[in-house]
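Data file: target25.txt. Format and content: compact mmCIF, C-alpha atoms.
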```txt
# COMPACT_ATOMS: atom_id res chain seq x y z
CA VAL A 1 27.31 14.64 -17.05
CA LEU A 2 29.40 11.81 -15.68
CA HIS A 3 29.80 12.89 -12.10
CA THR A 4 26.32 12.59 -10.66
CA VAL A 5 25.65 13.25 -7.04
CA ARG A 6 24.27 10.17 -5.35
CA PRO A 7 23.70 9.77 -1.63
CA VAL A 8 25.94 7.03 -0.26
CA HIS A 9 26.17 5.45 3.17
CA THR A 10 22.69 6.54 4.08
CA GLY A 11 21.85 3.40 6.08
CA GLN A 12 22.25 3.06 9.78
CA GLN A 13 25.95 3.27 10.45
CA ARG A 14 27.18 0.29 12.45
CA LEU A 15 30.27 1.41 14.24
CA ALA A 16 31.17 -1.89 15.83
CA PRO A 17 32.15 -5.07 14.02
CA LEU A 18 29.75 -7.98 13.73
CA PRO A 19 28.53 -9.17 17.11
CA PRO A 20 30.41 -12.30 18.19
CA LEU A 21 28.69 -15.66 18.18
CA PRO A 22 27.02 -16.67 21.45
CA GLU A 23 29.12 -18.93 23.63
CA LYS A 24 26.66 -21.75 24.15
CA GLY A 25 23.58 -22.82 22.25
CA GLY A 26 20.13 -23.18 23.68
CA GLU A 27 19.89 -25.53 26.62
CA VAL A 28 18.77 -29.02 25.65
CA ARG A 29 18.12 -31.80 28.09
CA HIS A 30 19.21 -35.34 27.24
CA GLY A 31 20.28 -34.01 23.84
CA LEU A 32 16.74 -34.11 22.51
CA ILE A 33 14.28 -31.88 24.34
CA PRO A 34 14.83 -28.14 24.67
CA GLU A 35 14.84 -26.70 28.13
CA GLU A 36 11.97 -24.38 27.25
CA PHE A 37 9.62 -27.34 27.30
CA PHE A 38 10.53 -28.15 30.90
CA GLN A 39 10.17 -24.50 31.89
CA PHE A 40 6.84 -24.37 30.11
CA LEU A 41 5.48 -27.27 32.19
CA TYR A 42 7.19 -26.35 35.46
CA PRO A 43 4.56 -23.97 36.91
CA LYS A 44 1.78 -26.51 36.51
CA THR A 45 3.48 -29.86 37.09
CA GLY A 46 6.79 -29.16 38.85
CA VAL A 47 9.99 -30.94 38.07
CA THR A 48 8.72 -34.42 37.32
CA GLY A 49 5.93 -33.28 34.99
CA PRO A 50 7.68 -33.67 31.65
CA TYR A 51 9.13 -37.03 32.67
CA MET A 52 5.70 -38.34 33.63
CA LEU A 53 4.35 -37.02 30.38
CA GLY A 54 7.12 -38.76 28.48
CA THR A 55 6.62 -42.09 30.26
CA GLY A 56 2.87 -41.91 29.82
CA LEU A 57 3.15 -41.15 26.13
CA LEU A 58 5.66 -43.95 25.61
CA LEU A 59 3.48 -46.53 27.34
CA TYR A 60 0.43 -45.33 25.43
CA PHE A 61 2.22 -45.63 22.09
CA LEU A 62 3.52 -49.07 22.97
CA SER A 63 0.24 -50.44 24.29
CA LYS A 64 -1.87 -49.13 21.47
CA GLU A 65 0.85 -50.14 19.04
CA ILE A 66 1.00 -46.75 17.49
CA TYR A 67 4.70 -47.46 17.76
CA VAL A 68 5.19 -51.01 16.44
CA VAL A 69 8.10 -53.05 17.79
CA ASN A 70 9.78 -54.70 14.83
CA HIS A 71 13.25 -55.29 13.39
CA GLU A 72 13.75 -51.57 12.97
CA THR A 73 13.41 -51.10 16.71
CA VAL A 74 16.29 -53.50 17.34
CA ALA A 75 18.40 -51.73 14.74
CA ALA A 76 17.54 -48.33 16.24
CA VAL A 77 18.47 -49.50 19.74
CA CYS A 78 21.85 -50.80 18.57
CA ILE A 79 22.65 -47.69 16.57
CA LEU A 80 21.57 -45.35 19.35
CA SER A 81 23.60 -47.18 21.95
CA VAL A 82 26.71 -47.01 19.79
CA ILE A 83 26.17 -43.33 19.07
CA ILE A 84 25.59 -42.45 22.69
CA TYR A 85 28.65 -44.41 23.77
CA GLY A 86 30.77 -42.66 21.17
CA VAL A 87 29.53 -39.20 22.10
CA LYS A 88 29.98 -39.75 25.81
CA LYS A 89 33.48 -41.12 25.39
CA PHE A 90 34.98 -38.89 22.68
CA GLY A 91 32.82 -35.82 22.92
CA ALA A 92 35.15 -33.83 25.13
CA ASP A 93 38.22 -34.59 23.04
CA VAL A 94 36.54 -33.63 19.79
CA ALA A 95 35.27 -30.44 21.40
CA ALA A 96 38.76 -29.55 22.62
CA PHE A 97 40.22 -30.19 19.18
CA ALA A 98 37.63 -28.00 17.50
CA ASP A 99 38.24 -25.30 20.09
CA LYS A 100 41.95 -25.47 19.35
CA LEU A 101 41.30 -25.02 15.63
CA ASN A 102 39.15 -22.01 16.36
CA GLU A 103 41.79 -20.61 18.67
CA GLU A 104 44.40 -20.90 15.94
CA LYS A 105 42.20 -19.10 13.46
CA VAL A 106 41.48 -16.31 15.90
CA ALA A 107 45.16 -16.09 16.84
CA ASN A 108 46.11 -15.79 13.18
CA ALA A 109 43.63 -13.01 12.62
CA LEU A 110 44.81 -11.25 15.76
CA ALA A 111 48.42 -11.60 14.68
CA VAL A 112 47.61 -10.04 11.33
CA LYS A 113 45.79 -7.22 13.07
CA ASN A 114 48.65 -6.64 15.51
CA ALA A 115 51.20 -6.68 12.75
CA ALA A 116 49.17 -4.15 10.81
CA ILE A 117 48.85 -1.94 13.88
CA LYS A 118 52.58 -2.17 14.53
CA ASP A 119 53.37 -1.28 10.95
CA LEU A 120 51.07 1.69 11.10
CA GLU A 121 52.59 2.89 14.36
CA ALA A 122 56.06 2.63 12.88
CA ALA A 123 54.81 4.59 9.88
CA ILE A 124 53.47 7.25 12.25
CA GLU A 125 56.86 7.50 13.95
CA GLU A 126 58.58 7.85 10.59
CA GLU A 127 56.12 10.53 9.59
CA LYS A 128 56.78 12.48 12.79
CA LYS A 129 60.50 12.29 12.16
CA GLU A 130 60.00 13.54 8.63
CA GLN A 131 57.97 16.43 9.96
CA TRP A 132 60.78 17.26 12.38
CA ARG A 133 63.23 17.12 9.50
CA VAL A 134 61.16 19.53 7.51
CA GLU A 135 61.81 22.18 10.14
CA GLY A 136 65.51 22.08 9.27
CA ARG A 137 64.76 22.99 5.70
CA SER A 138 65.56 26.68 6.25
CA TYR A 139 69.10 25.91 7.42
CA LEU A 140 69.66 23.69 4.44
CA PHE A 141 68.57 26.40 2.08
CA ASP A 142 70.74 29.00 3.76
CA ALA A 143 73.78 26.79 3.41
CA LYS A 144 72.96 26.18 -0.23
CA ARG A 145 72.47 29.86 -0.85
CA ASN A 146 75.87 30.58 0.71
CA ASN A 147 77.46 27.97 -1.50
CA VAL A 148 75.95 29.44 -4.60
CA ALA A 149 77.00 32.96 -3.66
CA MET A 150 80.54 31.81 -3.02
CA MET A 151 80.68 30.07 -6.34
CA LEU A 152 79.43 33.17 -8.11
CA GLU A 153 82.02 35.31 -6.32
CA THR A 154 84.82 32.92 -7.19
CA ASN A 155 83.79 32.85 -10.81
CA TYR A 156 83.59 36.62 -10.95
CA ARG A 157 87.06 37.01 -9.49
CA GLU A 158 88.53 34.44 -11.83
CA ARG A 159 87.15 36.32 -14.75
CA LEU A 160 88.53 39.61 -13.41
CA MET A 161 91.92 37.95 -13.12
CA THR A 162 91.68 36.70 -16.68
CA VAL A 163 90.77 40.11 -17.97
CA TYR A 164 93.59 41.72 -16.05
CA SER A 165 96.17 39.23 -17.27
CA GLU A 166 95.03 39.49 -20.85
CA VAL A 167 95.18 43.26 -20.84
CA LYS A 168 98.59 43.18 -19.18
CA LYS A 169 99.85 40.76 -21.80
CA ARG A 170 98.77 43.04 -24.58
CA LEU A 171 100.31 46.10 -22.94
CA ASP A 172 103.55 44.22 -22.25
CA TYR A 173 103.65 43.29 -25.87
CA GLN A 174 103.37 46.89 -26.95
CA VAL A 175 106.07 47.96 -24.50
CA ALA A 176 108.37 45.20 -25.64
CA MET A 177 107.77 46.19 -29.23
CA GLN A 178 108.71 49.78 -28.55
CA ASN A 179 111.84 48.82 -26.62
CA LEU A 180 112.89 46.49 -29.34
CA LYS A 181 112.34 49.09 -31.99
CA ARG A 182 114.34 51.74 -30.09
CA GLN A 183 117.16 49.36 -29.44
CA LYS A 184 117.32 48.30 -33.02
CA GLU A 185 117.31 51.87 -34.14
CA GLN A 186 120.06 52.72 -31.69
CA ASP A 187 122.21 49.79 -32.74
CA HIS A 188 121.67 50.49 -36.34
CA MET A 189 122.55 54.15 -35.95
CA ILE A 190 125.71 53.43 -33.97
CA GLN A 191 126.78 50.93 -36.52
CA TRP A 192 126.12 53.37 -39.32
CA VAL A 193 127.96 56.15 -37.60
CA GLU A 194 130.94 53.94 -36.91
CA LYS A 195 130.98 52.68 -40.45
CA ASN A 196 130.91 56.17 -41.87
CA VAL A 197 133.57 57.41 -39.52
CA VAL A 198 135.79 54.55 -40.39
CA GLN A 199 135.16 55.15 -44.03
CA SER A 200 135.89 58.82 -43.69
CA ILE A 201 139.26 58.24 -42.23
CA THR A 202 141.34 58.44 -45.46
CA PRO A 203 144.84 56.98 -45.55
CA GLN A 204 146.31 60.57 -45.68
CA GLN A 205 144.51 61.55 -42.59
CA GLN A 206 145.54 58.30 -40.98
CA LYS A 207 149.25 59.03 -41.57
CA GLU A 208 148.91 62.62 -40.29
CA SER A 209 147.12 61.47 -37.19
CA VAL A 210 149.69 58.77 -36.53
CA ALA A 211 152.61 61.35 -36.94
CA LYS A 212 150.81 63.79 -34.65
CA CYS A 213 150.34 61.04 -32.12
CA ILE A 214 154.02 60.22 -32.22
CA LEU A 215 154.97 63.95 -31.77
CA ASP A 216 152.54 64.18 -28.90
CA LEU A 217 154.03 61.12 -27.34
CA LYS A 218 157.60 62.52 -27.67
CA THR A 219 156.64 65.80 -26.04
CA LEU A 220 154.84 63.96 -23.33
CA SER A 221 157.86 61.77 -22.74
CA LYS A 222 160.07 64.81 -22.67
CA SER A 223 157.87 66.54 -20.16
CA ALA A 224 157.73 63.41 -18.14
CA GLN A 225 161.49 63.09 -18.21
CA ALA A 226 161.75 66.72 -17.24
CA THR A 227 159.53 66.32 -14.23
CA LEU A 228 161.42 63.25 -13.12
CA GLY B 1 2.30 -5.51 19.57
CA PRO B 2 -0.34 -5.93 16.93
CA LEU B 3 -1.61 -9.42 16.32
CA SER B 4 -0.22 -9.98 12.88
CA GLU B 5 3.38 -9.30 13.92
CA ARG B 6 3.50 -11.57 16.95
CA ARG B 7 5.08 -14.97 16.79
CA LEU B 8 3.15 -18.17 17.38
CA MET B 9 4.38 -18.72 20.93
CA ASP B 10 3.30 -15.23 21.97
CA VAL B 11 -0.27 -15.65 20.71
CA ARG B 12 -2.90 -16.52 23.29
CA LEU B 13 -5.08 -19.54 22.75
CA GLY B 14 -8.25 -17.50 22.27
CA GLU B 15 -6.62 -15.30 19.64
CA LEU B 16 -5.39 -18.22 17.59
CA PRO B 17 -8.08 -18.18 14.87
CA THR B 18 -7.73 -14.45 14.30
CA TRP B 19 -3.97 -14.85 14.22
CA LEU B 20 -4.30 -17.63 11.64
CA VAL B 21 -6.40 -15.31 9.48
CA THR B 22 -3.73 -12.62 9.51
CA CYS B 23 -1.09 -15.14 8.57
CA ASP B 24 0.35 -15.04 5.07
CA PHE B 25 -0.33 -18.34 3.32
CA SER B 26 0.86 -17.42 -0.14
CA PRO B 27 3.87 -19.39 -1.45
CA GLN B 28 6.20 -16.51 -0.74
CA GLY B 29 4.75 -16.14 2.72
CA LEU B 30 5.11 -19.83 3.49
CA LEU B 31 8.63 -19.86 2.11
CA GLY B 32 9.49 -16.84 4.21
CA GLY B 33 8.03 -18.55 7.26
CA VAL B 34 10.07 -21.68 6.64
CA ARG B 35 13.18 -19.61 6.09
CA ARG B 36 12.64 -17.65 9.27
CA ALA B 37 12.03 -20.84 11.31
CA TRP B 38 15.16 -22.48 9.86
CA SER B 39 17.37 -19.49 10.52
CA SER B 40 16.06 -19.05 14.06
CA TYR B 41 16.75 -22.74 14.80
CA TYR B 42 20.20 -22.39 13.25
CA ASN B 43 21.09 -19.29 15.21
CA LYS B 44 19.93 -20.82 18.43
CA TYR B 45 21.54 -24.24 18.29
CA ILE B 46 24.18 -24.39 15.54
CA ASN B 47 25.77 -20.94 15.07
CA VAL B 48 27.41 -20.94 18.48
CA LYS B 49 31.00 -21.11 19.57
CA ARG B 50 30.67 -24.27 21.64
CA GLY B 51 27.75 -26.32 20.46
CA GLY B 52 27.03 -29.87 21.43
CA PRO B 53 25.24 -32.88 19.99
CA ALA B 54 21.89 -31.21 20.61
CA GLY B 55 21.87 -29.20 17.39
CA ILE B 56 21.98 -32.14 14.98
CA SER B 57 20.35 -34.74 17.22
CA MET B 58 17.12 -32.74 17.33
CA LEU B 59 17.09 -32.54 13.56
CA LEU B 60 17.75 -36.28 13.27
CA ALA B 61 15.04 -37.09 15.79
CA GLY B 62 12.58 -34.91 13.89
CA TYR B 63 13.53 -36.70 10.68
CA CYS B 64 12.99 -40.08 12.33
CA LEU B 65 9.56 -39.05 13.53
CA LEU B 66 8.58 -37.65 10.14
CA SER B 67 9.66 -40.76 8.25
CA TYR B 68 7.88 -42.99 10.78
CA SER B 69 4.67 -41.03 10.30
CA TRP B 70 5.01 -41.19 6.51
CA ASN B 71 5.45 -44.96 6.61
CA TYR B 72 2.86 -45.58 9.32
CA GLN B 73 0.30 -47.20 7.01
CA HIS B 74 2.88 -49.80 5.98
CA ILE B 75 4.20 -50.37 9.52
CA LYS B 76 0.65 -50.83 10.82
CA ARG B 77 0.51 -54.16 9.05
CA HIS B 78 3.31 -55.53 11.25
CA ARG B 79 1.40 -55.17 14.50
CA TRP B 80 1.66 -57.92 17.06
CA ARG B 81 -1.92 -57.92 18.20
CA LYS B 82 -5.06 -57.46 16.30
CA TYR B 83 -7.06 -55.78 19.06
CA HIS B 84 -5.73 -53.17 21.47
```

Let me see whether you can do it: turn the structure in this file into structure tokens.
Amino acid sequence: VLHTVRPVHTGQQRLAPLPPLPEKGGEVRHGLIPEEFFQFLYPKTGVTGPYMLGTGLLLYFLSKEIYVVNHETVAAVCILSVIIYGVKKFGADVAAFADKLNEEKVANALAVKNAAIKDLEAAIEEEKKEQWRVEGRSYLFDAKRNNVAMMLETNYRERLMTVYSEVKKRLDYQVAMQNLKRQKEQDHMIQWVEKNVVQSITPQQQKESVAKCILDLKTLSKSAQATL
Amino acid sequence: GPLSERRLMDVRLGELPTWLVTCDFSPQGLLGGVRRAWSSYYNKYINVKRGGPAGISMLLAGYCLLSYSWNYQHIKRHRWRKYH
């Protein structure tokens, strides 16, 4: 069984992103002693308590030589003075520069986020338009159905026309054949009859017919003369 | 809360021995204590948006004090006076 059921995301669900860093660190006085120390001593000794404590401790260490003044002290004083001078003079500028770097990073991240949001919103708009377009699907299909029906009709009628013309062609052919045959028969018969008649007219008959014609003509001319 | 789960600053002076008994002094416990102290210091003074010189200067001062105390026996020989 590959697909086992395992509970996921069972821890406490954190709905917000990581909490942002605090703005300022813990309060420190003179760069060395946390403020909590002063607050701790305030109820008993007031404001000057820690300073008195510090002075007393310093004098005690010096007088008992628990802190020995030697070459290292001189070196420490020089180094500390240089460091403090540097921090006091250039601290603000360095802080502003670092803040600017941070600002740029945050601005970049924000820009990416805004661009992503804008892209997603544009995608949402596109999606809505697509959904609106879907509603017109029915019209599109109706038009297509009409087209198809018209094409079918046209095709059907073309085929009817073809059938009709083909049948007519065949029938015309038959009719033409019959006419031709009859005409040929007629011509042939006439020719044959004429040929036989001409053949049957013998020279004897021809002379008799010519004499009769001449007699007829004379009588006709006589009658015509008589009427005139 | 119960004694074993309180931090050192919240323990009263009279309860200190009992609190020390409940403390975990095994290597893992000590390491965990060191880690917790380091991360609490870090989150208070260094992991901030606008820190100052205080974060590192306290560490440097602590280092100076530690190294002075480690070399104290040698430095003691360079005292100016014999009797205080």

Original post:
Got a sec to pull out which chain B residues are within 8 Å of chain A, counting all atoms listed in the file, and send them as number ranges by chain?
Top reply: B: 44-54, 57-58, 61, 75-76, 78-80, 84

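We find atom CA of A:Lys144 and atom CA of A:Glu130 to be spaced 20.2 Å apart.
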
**OP:** Tell me which protein, DNA and RNA residues are within 9 Å of B:Leu3, counting only C-alpha atoms, leaving out same-chain ones fewer than 3 positions away, and put them as a PyMOL selection string.
**Re:** chain B and resi 6-7+11+15+18-19+22

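A straight line drawn from atom CA of B:Asn43 to atom CA of A:Lys105 is 21.2 Å long.
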
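With atom CA of B:Cys64 on one side and atom CA of A:Val74 on the other, the separation reads 14.7 Å.
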
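Distance check against B:Ser4 using only C-alpha atoms: of B:Ile56, B:Leu16, B:Leu30, B:Cys23, the minimum falls on B:Cys23.
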
Residues within 12 Å of stretch 48-51 of chain A, all atoms listed in the file, excluding chain neighbours under 6 positions, as a compact mmCIF listing (two decimals) with C-alpha atoms, in the coordinates of the input:
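And here is the file that came out, part36.txt:
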```txt
# COMPACT_ATOMS: atom_id res chain seq x y z
CA ARG A 29 18.12 -31.80 28.09
CA HIS A 30 19.21 -35.34 27.24
CA ILE A 33 14.28 -31.88 24.34
CA PRO A 34 14.83 -28.14 24.67
CA GLU A 35 14.84 -26.70 28.13
CA GLU A 36 11.97 -24.38 27.25
CA PHE A 37 9.62 -27.34 27.30
CA PHE A 38 10.53 -28.15 30.90
CA GLN A 39 10.17 -24.50 31.89
CA PHE A 40 6.84 -24.37 30.11
CA LEU A 41 5.48 -27.27 32.19
CA TYR A 42 7.19 -26.35 35.46
CA LEU A 57 3.15 -41.15 26.13
CA LEU A 58 5.66 -43.95 25.61
```
